Structure formats: structure tokens, C-alpha cells
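Data from protein_38.pdb: PDB, C-alpha atoms, pLDDT in the B column
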ATOM      1  CA  MET A   1      33.273-103.755 110.681  1.00 38.00           C
ATOM      2  CA  GLN A   2      30.033-103.191 108.825  1.00 47.00           C
ATOM      3  CA  LEU A   3      28.217 -99.907 109.226  1.00 47.00           C
ATOM      4  CA  GLU A   4      24.456-100.129 109.545  1.00 54.00           C
ATOM      5  CA  ALA A   5      22.749 -98.237 106.725  1.00 56.00           C
ATOM      6  CA  HIS A   6      20.051 -95.770 107.659  1.00 68.00           C
ATOM      7  CA  ILE A   7      16.757 -97.393 106.741  1.00 76.00           C
ATOM      8  CA  ASN A   8      13.375 -95.731 106.847  1.00 82.00           C
ATOM      9  CA  ALA A   9       9.945 -97.217 107.514  1.00 84.00           C
ATOM     10  CA  GLU A  10       9.016 -97.191 103.813  1.00 89.00           C
ATOM     11  CA  THR A  11      12.056 -99.276 102.930  1.00 88.00           C
ATOM     12  CA  ILE A  12      11.339-101.748 105.743  1.00 88.00           C
ATOM     13  CA  GLU A  13       7.741-102.035 104.536  1.00 90.00           C
ATOM     14  CA  ARG A  14       8.862-102.704 100.956  1.00 92.00           C
ATOM     15  CA  LEU A  15      11.361-105.331 102.106  1.00 92.00           C
ATOM     16  CA  GLU A  16       8.678-106.980 104.253  1.00 91.00           C
ATOM     17  CA  GLU A  17       6.314-107.123 101.254  1.00 93.00           C
ATOM     18  CA  GLN A  18       9.017-108.703  99.084  1.00 93.00           C
ATOM     19  CA  SER A  19       9.866-111.162 101.835  1.00 92.00           C
ATOM     20  CA  GLU A  20       6.215-112.099 102.333  1.00 93.00           C
ATOM     21  CA  LEU A  21       5.846-112.767  98.601  1.00 94.00           C
ATOM     22  CA  LEU A  22       8.896-115.040  98.591  1.00 93.00           C
ATOM     23  CA  LEU A  23       7.662-116.830 101.698  1.00 92.00           C
ATOM     24  CA  ARG A  24       4.212-117.434 100.151  1.00 93.00           C
ATOM     25  CA  ASN A  25       5.846-118.761  96.978  1.00 95.00           C
ATOM     26  CA  TYR A  26       8.039-121.094  99.011  1.00 93.00           C
ATOM     27  CA  GLN A  27       5.093-122.350 101.065  1.00 93.00           C
ATOM     28  CA  ALA A  28       3.043-123.005  97.916  1.00 96.00           C
ATOM     29  CA  GLU A  29       5.873-124.943  96.277  1.00 96.00           C
ATOM     30  CA  PHE A  30       6.602-126.852  99.467  1.00 95.00           C
ATOM     31  CA  ALA A  31       2.928-127.860  99.732  1.00 96.00           C
ATOM     32  CA  LYS A  32       3.067-129.274  96.191  1.00 96.00           C
ATOM     33  CA  ASP A  33       6.329-131.187  96.576  1.00 96.00           C
ATOM     34  CA  PRO A  34       8.810-130.588  99.390  1.00 95.00           C
ATOM     35  CA  THR A  35      11.683-132.107  97.406  1.00 95.00           C
ATOM     36  CA  SER A  36      11.105-130.441  94.036  1.00 96.00           C
ATOM     37  CA  GLN A  37      13.510-128.137  92.238  1.00 97.00           C
ATOM     38  CA  ALA A  38      10.884-125.362  92.440  1.00 96.00           C
ATOM     39  CA  THR A  39      10.786-125.702  96.230  1.00 95.00           C
ATOM     40  CA  GLU A  40      14.576-125.559  96.429  1.00 96.00           C
ATOM     41  CA  SER A  41      14.633-122.533  94.130  1.00 96.00           C
ATOM     42  CA  SER A  42      12.043-120.728  96.257  1.00 94.00           C
ATOM     43  CA  ARG A  43      14.042-121.524  99.380  1.00 93.00           C
ATOM     44  CA  SER A  44      17.200-120.201  97.738  1.00 95.00           C
ATOM     45  CA  ASN A  45      15.409-116.975  96.823  1.00 94.00           C
ATOM     46  CA  MET A  46      14.416-116.461 100.463  1.00 90.00           C
ATOM     47  CA  ILE A  47      17.988-117.030 101.621  1.00 90.00           C
ATOM     48  CA  ALA A  48      19.363-114.685  98.964  1.00 94.00           C
ATOM     49  CA  LEU A  49      17.002-111.875  99.935  1.00 92.00           C
ATOM     50  CA  ARG A  50      17.853-112.255 103.624  1.00 89.00           C
ATOM     51  CA  HIS A  51      21.577-112.143 102.880  1.00 91.00           C
ATOM     52  CA  SER A  52      21.139-109.164 100.547  1.00 93.00           C
ATOM     53  CA  ILE A  53      19.203-107.225 103.176  1.00 91.00           C
ATOM     54  CA  ASN A  54      21.915-108.059 105.690  1.00 90.00           C
ATOM     55  CA  GLN A  55      24.699-106.902 103.365  1.00 92.00           C
ATOM     56  CA  ILE A  56      22.976-103.713 102.218  1.00 90.00           C
ATOM     57  CA  TYR A  57      21.143-102.580 105.354  1.00 89.00           C
ATOM     58  CA  GLY A  58      22.832-104.521 108.157  1.00 87.00           C
ATOM     59  CA  GLU A  59      21.886-107.283 110.561  1.00 87.00           C
ATOM     60  CA  THR A  60      19.426-105.147 112.509  1.00 85.00           C
ATOM     61  CA  ALA A  61      17.298-104.516 109.414  1.00 85.00           C
ATOM     62  CA  ALA A  62      17.594-108.156 108.320  1.00 86.00           C
ATOM     63  CA  LEU A  63      16.342-109.336 111.705  1.00 86.00           C
ATOM     64  CA  GLU A  64      13.531-106.786 111.743  1.00 87.00           C
ATOM     65  CA  VAL A  65      12.266-107.921 108.346  1.00 88.00           C
ATOM     66  CA  ALA A  66      12.708-111.616 109.174  1.00 85.00           C
ATOM     67  CA  ASN A  67      10.797-111.254 112.432  1.00 87.00           C
ATOM     68  CA  ALA A  68       8.004-109.269 110.800  1.00 87.00           C
ATOM     69  CA  VAL A  69       7.277-111.970 108.218  1.00 85.00           C
ATOM     70  CA  GLY A  70       8.168-115.012 110.289  1.00 80.00           C
ATOM     71  CA  PHE A  71      11.296-115.992 108.356  1.00 71.00           C
ATOM     72  CA  ALA A  72      13.473-118.540 110.044  1.00 62.00           C
ATOM     73  CA  PRO A  73      16.927-117.278 110.952  1.00 56.00           C
ATOM     74  CA  ALA A  74      19.267-117.370 107.961  1.00 49.00           C
ATOM     75  CA  SER A  75      21.412-120.034 109.602  1.00 48.00           C
ATOM     76  CA  SER A  76      18.503-122.481 109.816  1.00 47.00           C
ATOM     77  CA  LEU A  77      17.609-121.898 106.163  1.00 48.00           C
ATOM     78  CA  ASP A  78      21.184-122.617 105.152  1.00 45.00           C
ATOM     79  CA  GLU A  79      21.129-126.120 106.646  1.00 45.00           C
TER      80      GLU A  79
END
How would this structure read if it were set down as C-alpha cells?
Amino acid sequence: MQLEAHINAETIERLEEQSELLLRNYQAEFAKDPTSQATESSRSNMIALRHSINQIYGETAALEVANAVGFAPASSLDE
């Protein structure tokens, strides 16, 4: 059983900013070439951040950040 870490608004805001940056990078790479290594790397970075947030702060925080920036659910990124 995972305990949800206490997370304050400042931390959520910082995680949202980091997530938005990764999402913009992914979108830019995808626009250039959807099948490139850079696109895949950007996608992997988004997945890694989502999983890290989930492991450190819990699923509630991961969902809050994902919803705020429009991330797809982690399971759809993994496909």
C-alpha cells in the first residue's frame, strides 16, 4: 500500500510547469517527424515524469498534474 505524500500548491505548480515543458517539447518533435528518435525520446521523458510523480507523490498528485496540462493517462502513453 502506497501512502500519498503531502504535496503543497507550490510543488504542484512546479510539476505542472515541468510537465508543460516536456509536453511542448514532445509536440514540437512530433510536428517535425512523428517517427523520429527525438520524438520517441520526448515521449519517454513525459512517461518517466508521470511515473516519477506517481511514485513520489502518489496517484492523486499524478492525476492532478496530468489533468492540468492535458497529459494523456500514463497507460495510453505506454502503448
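Run against this file, the PyMOL selection byres ((chain A and resi 44) around 12) gives back Leu22, Leu23, Asn25, Tyr26, Gln37, Ala38, Thr39, Glu40, Ser41, Ser42, Arg43, Asn45, Met46, Ile47, Ala48, Leu49, Arg50, His51, Ala74, Leu77, Asp78 and Glu79 of chain A.
Taking atom CA of A:Phe71 as the reference point, atom CA of A:Thr11 is found at 17.6 Å.
Proximity to A:Asn67 was assessed for A:Asp33, A:Leu15, A:Gln55, A:Ala28 counting all atoms listed in the file; the smallest distance is recorded for A:Leu15.
Compared by their closest atoms to A:Glu59, and using all atoms listed in the file, the residues A:Ser19, A:Glu13, A:Ser36, A:Ile7 rank with A:Ile7 nearest.
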Could you give me the centre and size, in Å to one decimal, of an axis-aligned box around all listed atoms of stretch 31-46 of chain A with 8 Å added on every side, as JSON?
{"center_x": 10.1, "center_y": -124.3, "center_z": 96.4, "size_x": 30.3, "size_y": 31.6, "size_z": 24.2}
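Counting all atoms listed in the file and comparing A:Glu10, A:Ser52, A:Glu16, A:Phe30, the residue that lies closest to A:Val65 is A:Glu16.
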